[in-house]
file protein.cif (mmCIF, C-alpha atoms)
data_final
#
loop_
_atom_site.group_PDB
_atom_site.id
_atom_site.type_symbol
_atom_site.label_atom_id
_atom_site.label_comp_id
_atom_site.auth_asym_id
_atom_site.auth_seq_id
_atom_site.Cartn_x
_atom_site.Cartn_y
_atom_site.Cartn_z
ATOM 1 C CA MET A 1 -22.658 11.901 -33.136
ATOM 2 C CA VAL A 2 -19.152 10.723 -33.960
ATOM 3 C CA THR A 3 -16.231 12.967 -33.187
ATOM 4 C CA GLN A 4 -12.727 12.650 -34.490
ATOM 5 C CA THR A 5 -10.171 11.755 -31.843
ATOM 6 C CA THR A 6 -7.307 14.234 -31.685
ATOM 7 C CA PRO A 7 -3.785 13.444 -30.581
ATOM 8 C CA LEU A 8 -4.418 15.510 -27.433
ATOM 9 C CA ALA A 9 -7.488 13.440 -26.620
ATOM 10 C CA ASP A 10 -5.370 10.313 -27.052
ATOM 11 C CA LEU A 11 -2.717 11.777 -24.764
ATOM 12 C CA TYR A 12 -5.411 12.491 -22.160
ATOM 13 C CA GLN A 13 -6.319 8.794 -22.158
ATOM 14 C CA GLN A 14 -2.703 7.594 -22.102
ATOM 15 C CA ASP A 15 -0.955 10.000 -19.717
ATOM 16 C CA GLU A 16 -3.068 12.551 -17.884
ATOM 17 C CA THR A 17 -0.043 14.300 -16.368
ATOM 18 C CA ALA A 18 1.620 14.788 -19.743
ATOM 19 C CA TRP A 19 -1.714 15.995 -21.119
ATOM 20 C CA LEU A 20 -2.031 18.526 -18.256
ATOM 21 C CA GLU A 21 1.481 19.781 -18.885
ATOM 22 C CA GLU A 22 0.605 20.260 -22.554
ATOM 23 C CA MET A 23 -2.580 22.146 -21.621
ATOM 24 C CA VAL A 24 -0.513 24.454 -19.388
ATOM 25 C CA ARG A 25 2.023 24.992 -22.162
ATOM 26 C CA LEU A 26 -0.722 25.860 -24.650
ATOM 27 C CA LEU A 27 -2.381 28.241 -22.193
ATOM 28 C CA ALA A 28 0.917 29.958 -21.407
ATOM 29 C CA ALA A 29 1.559 30.405 -25.122
ATOM 30 C CA GLY A 30 -1.939 31.829 -25.649
ATOM 31 C CA ARG A 31 -2.794 29.040 -28.089
ATOM 32 C CA LEU A 32 -6.351 28.628 -26.829
ATOM 33 C CA GLU A 33 -7.673 27.247 -30.099
ATOM 34 C CA GLN A 34 -5.443 24.174 -29.667
ATOM 35 C CA LEU A 35 -6.719 23.260 -26.192
ATOM 36 C CA ASP A 36 -8.476 19.927 -25.712
ATOM 37 C CA VAL A 37 -11.563 21.760 -24.483
ATOM 38 C CA GLU A 38 -13.840 18.732 -24.077
ATOM 39 C CA ASN A 39 -11.455 16.823 -21.832
ATOM 40 C CA LEU A 40 -10.394 19.996 -20.023
ATOM 41 C CA ARG A 41 -14.028 20.774 -19.186
ATOM 42 C CA GLU A 42 -14.578 17.205 -17.990
ATOM 43 C CA LEU A 43 -11.457 17.236 -15.831
ATOM 44 C CA LEU A 44 -12.285 20.586 -14.241
ATOM 45 C CA ALA A 45 -15.842 19.446 -13.460
ATOM 46 C CA ASP A 46 -14.460 16.248 -11.914
ATOM 47 C CA MET A 47 -12.027 18.264 -9.789
ATOM 48 C CA ALA A 48 -14.830 20.481 -8.494
ATOM 49 C CA ARG A 49 -16.953 17.423 -7.599
ATOM 50 C CA ARG A 50 -13.969 15.807 -5.892
ATOM 51 C CA ASP A 51 -13.352 18.895 -3.774
ATOM 52 C CA ARG A 52 -17.023 19.130 -2.748
ATOM 53 C CA ARG A 53 -17.041 15.420 -1.824
ATOM 54 C CA ALA A 54 -13.904 15.912 0.276
ATOM 55 C CA VAL A 55 -15.496 18.798 2.182
ATOM 56 C CA TYR A 56 -18.717 16.851 2.699
ATOM 57 C CA ASN A 57 -16.975 13.686 3.898
ATOM 58 C CA ARG A 58 -14.565 15.518 6.212
ATOM 59 C CA LEU A 59 -17.458 17.415 7.785
ATOM 60 C CA VAL A 60 -19.305 14.130 8.409
ATOM 61 C CA VAL A 61 -16.240 12.633 10.104
ATOM 62 C CA LEU A 62 -15.606 15.766 12.178
ATOM 63 C CA LEU A 63 -19.215 16.081 13.318
ATOM 64 C CA THR A 64 -19.483 12.363 14.088
ATOM 65 C CA HIS A 65 -16.455 12.541 16.358
ATOM 66 C CA LEU A 66 -17.606 15.758 18.010
ATOM 67 C CA LEU A 67 -20.982 14.178 18.759
ATOM 68 C CA LYS A 68 -19.376 11.070 20.224
ATOM 69 C CA TRP A 69 -16.964 13.256 22.202
ATOM 70 C CA GLN A 70 -19.848 15.230 23.663
ATOM 71 C CA HIS A 71 -22.188 12.318 24.388
ATOM 72 C CA GLN A 72 -19.712 9.615 25.407
ATOM 73 C CA PRO A 73 -17.227 11.347 27.708
ATOM 74 C CA GLU A 74 -16.255 8.002 29.258
ATOM 75 C CA GLN A 75 -15.161 6.720 25.833
ATOM 76 C CA ARG A 76 -12.999 9.697 24.853
ATOM 77 C CA SER A 77 -9.647 8.712 23.453
ATOM 78 C CA ASN A 78 -6.570 10.264 21.966
ATOM 79 C CA SER A 79 -7.617 8.669 18.679
ATOM 80 C CA TRP A 80 -10.870 10.643 18.690
ATOM 81 C CA ARG A 81 -8.977 13.805 19.600
ATOM 82 C CA GLY A 82 -6.505 13.160 16.787
ATOM 83 C CA THR A 83 -9.314 12.655 14.286
ATOM 84 C CA ILE A 84 -10.971 15.905 15.358
ATOM 85 C CA LEU A 85 -7.708 17.830 15.052
ATOM 86 C CA SER A 86 -6.847 16.262 11.706
ATOM 87 C CA GLN A 87 -10.262 16.889 10.147
ATOM 88 C CA ARG A 88 -10.276 20.494 11.339
ATOM 89 C CA ARG A 89 -6.827 21.124 9.894
ATOM 90 C CA ARG A 90 -7.695 19.533 6.546
ATOM 91 C CA LEU A 91 -11.025 21.343 6.340
ATOM 92 C CA ARG A 92 -9.382 24.695 7.063
ATOM 93 C CA LEU A 93 -7.104 24.122 4.071
ATOM 94 C CA LEU A 94 -9.961 23.112 1.790
ATOM 95 C CA LEU A 95 -12.120 25.995 2.969
ATOM 96 C CA GLU A 96 -9.545 28.594 1.989
ATOM 97 C CA SER A 97 -11.594 28.514 -1.191
ATOM 98 C CA GLY A 98 -14.577 30.814 -0.768
ATOM 99 C CA THR A 99 -16.639 28.591 -3.046
ATOM 100 C CA LEU A 100 -15.984 25.517 -0.904
ATOM 101 C CA ARG A 101 -16.621 27.508 2.295
ATOM 102 C CA ASN A 102 -20.019 28.546 0.922
ATOM 103 C CA TYR A 103 -20.686 24.945 -0.091
ATOM 104 C CA ALA A 104 -19.830 23.728 3.435
ATOM 105 C CA ALA A 105 -22.243 26.213 4.981
ATOM 106 C CA ALA A 106 -24.982 25.231 2.527
ATOM 107 C CA VAL A 107 -24.709 21.473 3.126
ATOM 108 C CA LEU A 108 -24.075 21.631 6.878
ATOM 109 C CA PRO A 109 -27.673 20.704 7.856
ATOM 110 C CA GLU A 110 -27.589 17.665 5.538
ATOM 111 C CA VAL A 111 -24.100 16.689 6.695
ATOM 112 C CA TYR A 112 -25.202 16.916 10.305
ATOM 113 C CA LEU A 113 -28.040 14.443 9.743
ATOM 114 C CA GLU A 114 -25.565 11.948 8.299
ATOM 115 C CA ALA A 115 -23.103 12.525 11.142
ATOM 116 C CA ARG A 116 -25.869 12.142 13.713
ATOM 117 C CA ALA A 117 -26.876 8.769 12.243
ATOM 118 C CA GLN A 118 -23.217 7.722 12.028
ATOM 119 C CA ALA A 119 -22.573 8.716 15.648
ATOM 120 C CA ALA A 120 -25.588 6.693 16.782
ATOM 121 C CA ALA A 121 -24.409 3.671 14.793
ATOM 122 C CA GLU A 122 -20.825 3.884 16.082
ATOM 123 C CA SER A 123 -21.707 4.627 19.707
ATOM 124 C CA GLY A 124 -24.683 2.326 20.098
ATOM 125 C CA LEU A 125 -26.609 5.221 21.611
ATOM 126 C CA PRO A 126 -30.173 5.868 20.467
ATOM 127 C CA LEU A 127 -30.465 8.402 17.658
ATOM 128 C CA GLY A 128 -32.586 10.586 19.959
ATOM 129 C CA THR A 129 -29.533 11.067 22.201
ATOM 130 C CA PHE A 130 -28.131 13.504 19.685
ATOM 131 C CA PRO A 131 -29.678 16.924 18.978
ATOM 132 C CA THR A 132 -31.871 16.987 15.883
ATOM 133 C CA GLU A 133 -30.229 20.120 14.446
ATOM 134 C CA GLN A 134 -26.695 21.398 14.067
ATOM 135 C CA VAL A 135 -26.360 24.686 15.937
ATOM 136 C CA ARG A 136 -22.728 25.554 15.216
ATOM 137 C CA SER A 137 -21.487 27.358 12.122
ATOM 138 C CA VAL A 138 -18.659 26.096 9.960
ATOM 139 C CA ASP A 139 -16.298 28.589 11.611
ATOM 140 C CA GLU A 140 -17.324 27.386 15.069
ATOM 141 C CA LEU A 141 -16.755 23.759 14.073
ATOM 142 C CA LEU A 142 -13.258 24.590 12.901
ATOM 143 C CA ALA A 143 -12.317 26.556 16.020
ATOM 144 C CA ALA A 144 -10.783 25.236 19.206
ATOM 145 C CA ASP A 145 -13.404 24.021 21.639
ATOM 146 C CA GLU A 146 -13.883 23.753 25.365
ATOM 147 C CA GLU A 147 -12.612 20.155 25.472
ATOM 148 C CA GLY A 148 -9.113 21.352 24.593
ATOM 149 C CA ASN A 149 -9.137 20.181 21.004
ATOM 150 C CA GLU A 150 -6.744 22.740 19.589
#
call {"tool": "encode", "arguments": {"input": "protein.cif", "output": "C-alpha cells"}}
result
Amino acid sequence: MVTQTTPLADLYQQDETAWLEEMVRLLAAGRLEQLDVENLRELLADMARRDRRAVYNRLVVLLTHLLKWQHQPEQRSNSWRGTILSQRRRLRLLLESGTLRNYAAAVLPEVYLEARAQAAAESGLPLGTFPTEQVRSVDELLAADEEGNE
C-alpha cells in the first residue's frame, strides 16, 4: 500500500522538534484532523518503550549493586554506594508514573534474575551465592536500607 507523504510527515523526518511543536500547536488549536497521526502514534509508542526500558535497566543496575553490596562487604566502595543512590533517585522519578510503577512490579522477578547473573559475573562469586528469588518490593528497593544508603 502506497501512502502519500504529507508536509508534516516530511517535517517529522527533517526536524522532529519542529514537528513536535507543530503537533502541540495543532492540538492547542483543536485542529485534530490536521495531526500527523501515523507518526504521532509511532513516536508515542517509542516513548513508552523507551521509558519501560529505562525502568528495566535501572532496576537491573540497582539490584546488581545491592547484591554485590550484600555479598561482598569487603569490596564495598563509595562508587557502589553512589550507584545505588543514583539509581534509586532516578527510579523514584520514573516511577512517579503509576503505569511505570506497575510495570516495575510486574517485571521485578525477571529483572532480578538478570541482576543475579550480572552480580555473579561482576563479583566472580558462584551464581548460587545469591538468593534465587527477589524478596523485596519495588518500594523496599527504593527506600533507605540498613547499610546507610540514603
call {"tool": "atom_distance", "arguments": {"input": "protein.cif", "atom1": "atom CA of Leu59 of chain A", "atom2": "atom CA of Ala104 of chain A"}}
result
8.0 Å
call {"tool": "closest_atom_pairs", "arguments": {"input": "protein.cif", "of": "segment 40-140 of chain A", "to": "segment 18-35 of chain A", "cutoff": "12 Å", "atoms": "only C-alpha atoms", "output": "JSON lines"}}
result
{"residue": "A:Leu40", "atom": "CA", "partner": "A:Leu35", "partner_atom": "CA", "distance": 7.9}
{"residue": "A:Arg41", "atom": "CA", "partner": "A:Leu35", "partner_atom": "CA", "distance": 10.4}
{"residue": "A:Leu43", "atom": "CA", "partner": "A:Leu20", "partner_atom": "CA", "distance": 9.8}
{"residue": "A:Leu44", "atom": "CA", "partner": "A:Leu20", "partner_atom": "CA", "distance": 11.2}
call {"tool": "resolve_selection", "arguments": {"input": "protein.cif", "expression": "the PyMOL selection byres ((chain A and resi 90) around 12)", "output": "list in words"}}
result
Asp51, Ala54, Val55, Tyr56, Asn57, Arg58, Leu59, Val61, Leu62, Thr83, Ile84, Leu85, Ser86, Gln87, Arg88, Arg89, Leu91, Arg92, Leu93, Leu94, Leu95, Glu96 and Leu142 of chain A
call {"tool": "atom_distance", "arguments": {"input": "protein.cif", "atom1": "atom CA of Glu140 of chain A", "atom2": "atom CA of Tyr112 of chain A"}}
result
13.9 Å
call {"tool": "closest_atom_pairs", "arguments": {"input": "protein.cif", "of": "segment 19-100 of chain A", "to": "segment 116-124 of chain A", "cutoff": "10 Å", "atoms": "all atoms listed in the file", "output": "JSON lines"}}
result
{"residue": "A:Val60", "atom": "CA", "partner": "A:Gln118", "partner_atom": "CA", "distance": 8.3}
{"residue": "A:Val61", "atom": "CA", "partner": "A:Gln118", "partner_atom": "CA", "distance": 8.7}
{"residue": "A:Leu63", "atom": "CA", "partner": "A:Arg116", "partner_atom": "CA", "distance": 7.7}
{"residue": "A:Thr64", "atom": "CA", "partner": "A:Ala119", "partner_atom": "CA", "distance": 5.0}
{"residue": "A:His65", "atom": "CA", "partner": "A:Ala119", "partner_atom": "CA", "distance": 7.3}
{"residue": "A:Leu66", "atom": "CA", "partner": "A:Ala119", "partner_atom": "CA", "distance": 8.9}
{"residue": "A:Leu67", "atom": "CA", "partner": "A:Ala119", "partner_atom": "CA", "distance": 6.5}
{"residue": "A:Lys68", "atom": "CA", "partner": "A:Ala119", "partner_atom": "CA", "distance": 6.1}
{"residue": "A:Trp69", "atom": "CA", "partner": "A:Ala119", "partner_atom": "CA", "distance": 9.7}
{"residue": "A:His71", "atom": "CA", "partner": "A:Ser123", "partner_atom": "CA", "distance": 9.0}
{"residue": "A:Gln72", "atom": "CA", "partner": "A:Ser123", "partner_atom": "CA", "distance": 7.8}
{"residue": "A:Gln75", "atom": "CA", "partner": "A:Ser123", "partner_atom": "CA", "distance": 9.2}
call {"tool": "atom_distance", "arguments": {"input": "protein.cif", "atom1": "atom CA of Phe130 of chain A", "atom2": "atom CA of Ser79 of chain A"}}
result
21.1 Å
call {"tool": "resolve_selection", "arguments": {"input": "protein.cif", "expression": "the PyMOL selection byres ((chain A and resi 138) around 9)", "output": "PyMOL selection string"}}
result
chain A and resi 101+104-105+108+136-137+139-143
call {"tool": "closest_residue", "arguments": {"input": "protein.cif", "among": "A:Tyr103, A:Glu42, A:Asp36, A:Leu127", "to": "Pro7 of chain A", "atoms": "all atoms listed in the file"}}
result
A:Asp36
call {"tool": "build_atoms", "arguments": {"input": "protein.cif", "residues": "segment 35-60 of chain A", "atoms": "N, CA and C atoms", "output": "PDB file, in the coordinates of the input"}}
result
ATOM      1  N   LEU A  35      -6.387  23.974 -27.428  1.00  0.00           N
ATOM      2  CA  LEU A  35      -6.719  23.260 -26.192  1.00  0.00           C
ATOM      3  C   LEU A  35      -7.682  22.109 -26.464  1.00  0.00           C
ATOM      4  N   ASP A  36      -7.548  21.064 -25.691  1.00  0.00           N
ATOM      5  CA  ASP A  36      -8.476  19.927 -25.712  1.00  0.00           C
ATOM      6  C   ASP A  36      -9.636  20.306 -24.787  1.00  0.00           C
ATOM      7  N   VAL A  37     -10.519  21.140 -25.295  1.00  0.00           N
ATOM      8  CA  VAL A  37     -11.563  21.760 -24.483  1.00  0.00           C
ATOM      9  C   VAL A  37     -12.499  20.733 -23.852  1.00  0.00           C
ATOM     10  N   GLU A  38     -12.892  19.723 -24.592  1.00  0.00           N
ATOM     11  CA  GLU A  38     -13.840  18.732 -24.077  1.00  0.00           C
ATOM     12  C   GLU A  38     -13.273  18.014 -22.846  1.00  0.00           C
ATOM     13  N   ASN A  39     -12.058  17.522 -22.964  1.00  0.00           N
ATOM     14  CA  ASN A  39     -11.455  16.823 -21.832  1.00  0.00           C
ATOM     15  C   ASN A  39     -11.091  17.782 -20.701  1.00  0.00           C
ATOM     16  N   LEU A  40     -10.708  18.993 -21.031  1.00  0.00           N
ATOM     17  CA  LEU A  40     -10.394  19.996 -20.023  1.00  0.00           C
ATOM     18  C   LEU A  40     -11.641  20.329 -19.202  1.00  0.00           C
ATOM     19  N   ARG A  41     -12.759  20.515 -19.873  1.00  0.00           N
ATOM     20  CA  ARG A  41     -14.028  20.774 -19.186  1.00  0.00           C
ATOM     21  C   ARG A  41     -14.389  19.613 -18.268  1.00  0.00           C
ATOM     22  N   GLU A  42     -14.251  18.396 -18.774  1.00  0.00           N
ATOM     23  CA  GLU A  42     -14.578  17.205 -17.990  1.00  0.00           C
ATOM     24  C   GLU A  42     -13.677  17.100 -16.755  1.00  0.00           C
ATOM     25  N   LEU A  43     -12.395  17.330 -16.943  1.00  0.00           N
ATOM     26  CA  LEU A  43     -11.457  17.236 -15.831  1.00  0.00           C
ATOM     27  C   LEU A  43     -11.741  18.300 -14.771  1.00  0.00           C
ATOM     28  N   LEU A  44     -12.006  19.517 -15.201  1.00  0.00           N
ATOM     29  CA  LEU A  44     -12.285  20.586 -14.241  1.00  0.00           C
ATOM     30  C   LEU A  44     -13.575  20.313 -13.469  1.00  0.00           C
ATOM     31  N   ALA A  45     -14.590  19.801 -14.138  1.00  0.00           N
ATOM     32  CA  ALA A  45     -15.842  19.446 -13.460  1.00  0.00           C
ATOM     33  C   ALA A  45     -15.598  18.325 -12.451  1.00  0.00           C
ATOM     34  N   ASP A  46     -14.795  17.337 -12.827  1.00  0.00           N
ATOM     35  CA  ASP A  46     -14.460  16.248 -11.914  1.00  0.00           C
ATOM     36  C   ASP A  46     -13.704  16.763 -10.689  1.00  0.00           C
ATOM     37  N   MET A  47     -12.796  17.699 -10.904  1.00  0.00           N
ATOM     38  CA  MET A  47     -12.027  18.264  -9.789  1.00  0.00           C
ATOM     39  C   MET A  47     -12.945  19.008  -8.823  1.00  0.00           C
ATOM     40  N   ALA A  48     -13.891  19.750  -9.349  1.00  0.00           N
ATOM     41  CA  ALA A  48     -14.830  20.481  -8.494  1.00  0.00           C
ATOM     42  C   ALA A  48     -15.682  19.506  -7.690  1.00  0.00           C
ATOM     43  N   ARG A  49     -16.168  18.441  -8.322  1.00  0.00           N
ATOM     44  CA  ARG A  49     -16.953  17.423  -7.599  1.00  0.00           C
ATOM     45  C   ARG A  49     -16.116  16.748  -6.525  1.00  0.00           C
ATOM     46  N   ARG A  50     -14.870  16.445  -6.859  1.00  0.00           N
ATOM     47  CA  ARG A  50     -13.969  15.807  -5.892  1.00  0.00           C
ATOM     48  C   ARG A  50     -13.777  16.698  -4.663  1.00  0.00           C
ATOM     49  N   ASP A  51     -13.556  17.978  -4.889  1.00  0.00           N
ATOM     50  CA  ASP A  51     -13.352  18.895  -3.774  1.00  0.00           C
ATOM     51  C   ASP A  51     -14.599  19.014  -2.905  1.00  0.00           C
ATOM     52  N   ARG A  52     -15.776  19.066  -3.528  1.00  0.00           N
ATOM     53  CA  ARG A  52     -17.023  19.130  -2.748  1.00  0.00           C
ATOM     54  C   ARG A  52     -17.222  17.845  -1.945  1.00  0.00           C
ATOM     55  N   ARG A  53     -16.924  16.694  -2.553  1.00  0.00           N
ATOM     56  CA  ARG A  53     -17.041  15.420  -1.824  1.00  0.00           C
ATOM     57  C   ARG A  53     -16.093  15.391  -0.635  1.00  0.00           C
ATOM     58  N   ALA A  54     -14.884  15.898  -0.819  1.00  0.00           N
ATOM     59  CA  ALA A  54     -13.904  15.912   0.276  1.00  0.00           C
ATOM     60  C   ALA A  54     -14.409  16.765   1.430  1.00  0.00           C
ATOM     61  N   VAL A  55     -14.951  17.932   1.132  1.00  0.00           N
ATOM     62  CA  VAL A  55     -15.496  18.798   2.182  1.00  0.00           C
ATOM     63  C   VAL A  55     -16.640  18.086   2.898  1.00  0.00           C
ATOM     64  N   TYR A  56     -17.556  17.538   2.137  1.00  0.00           N
ATOM     65  CA  TYR A  56     -18.717  16.851   2.699  1.00  0.00           C
ATOM     66  C   TYR A  56     -18.280  15.709   3.623  1.00  0.00           C
ATOM     67  N   ASN A  57     -17.406  14.851   3.116  1.00  0.00           N
ATOM     68  CA  ASN A  57     -16.975  13.686   3.898  1.00  0.00           C
ATOM     69  C   ASN A  57     -16.193  14.081   5.143  1.00  0.00           C
ATOM     70  N   ARG A  58     -15.334  15.076   5.038  1.00  0.00           N
ATOM     71  CA  ARG A  58     -14.565  15.518   6.212  1.00  0.00           C
ATOM     72  C   ARG A  58     -15.476  16.143   7.258  1.00  0.00           C
ATOM     73  N   LEU A  59     -16.497  16.864   6.822  1.00  0.00           N
ATOM     74  CA  LEU A  59     -17.458  17.415   7.785  1.00  0.00           C
ATOM     75  C   LEU A  59     -18.218  16.303   8.493  1.00  0.00           C
ATOM     76  N   VAL A  60     -18.611  15.263   7.777  1.00  0.00           N
ATOM     77  CA  VAL A  60     -19.305  14.130   8.409  1.00  0.00           C
ATOM     78  C   VAL A  60     -18.411  13.505   9.483  1.00  0.00           C
TER      79      VAL A  60
END
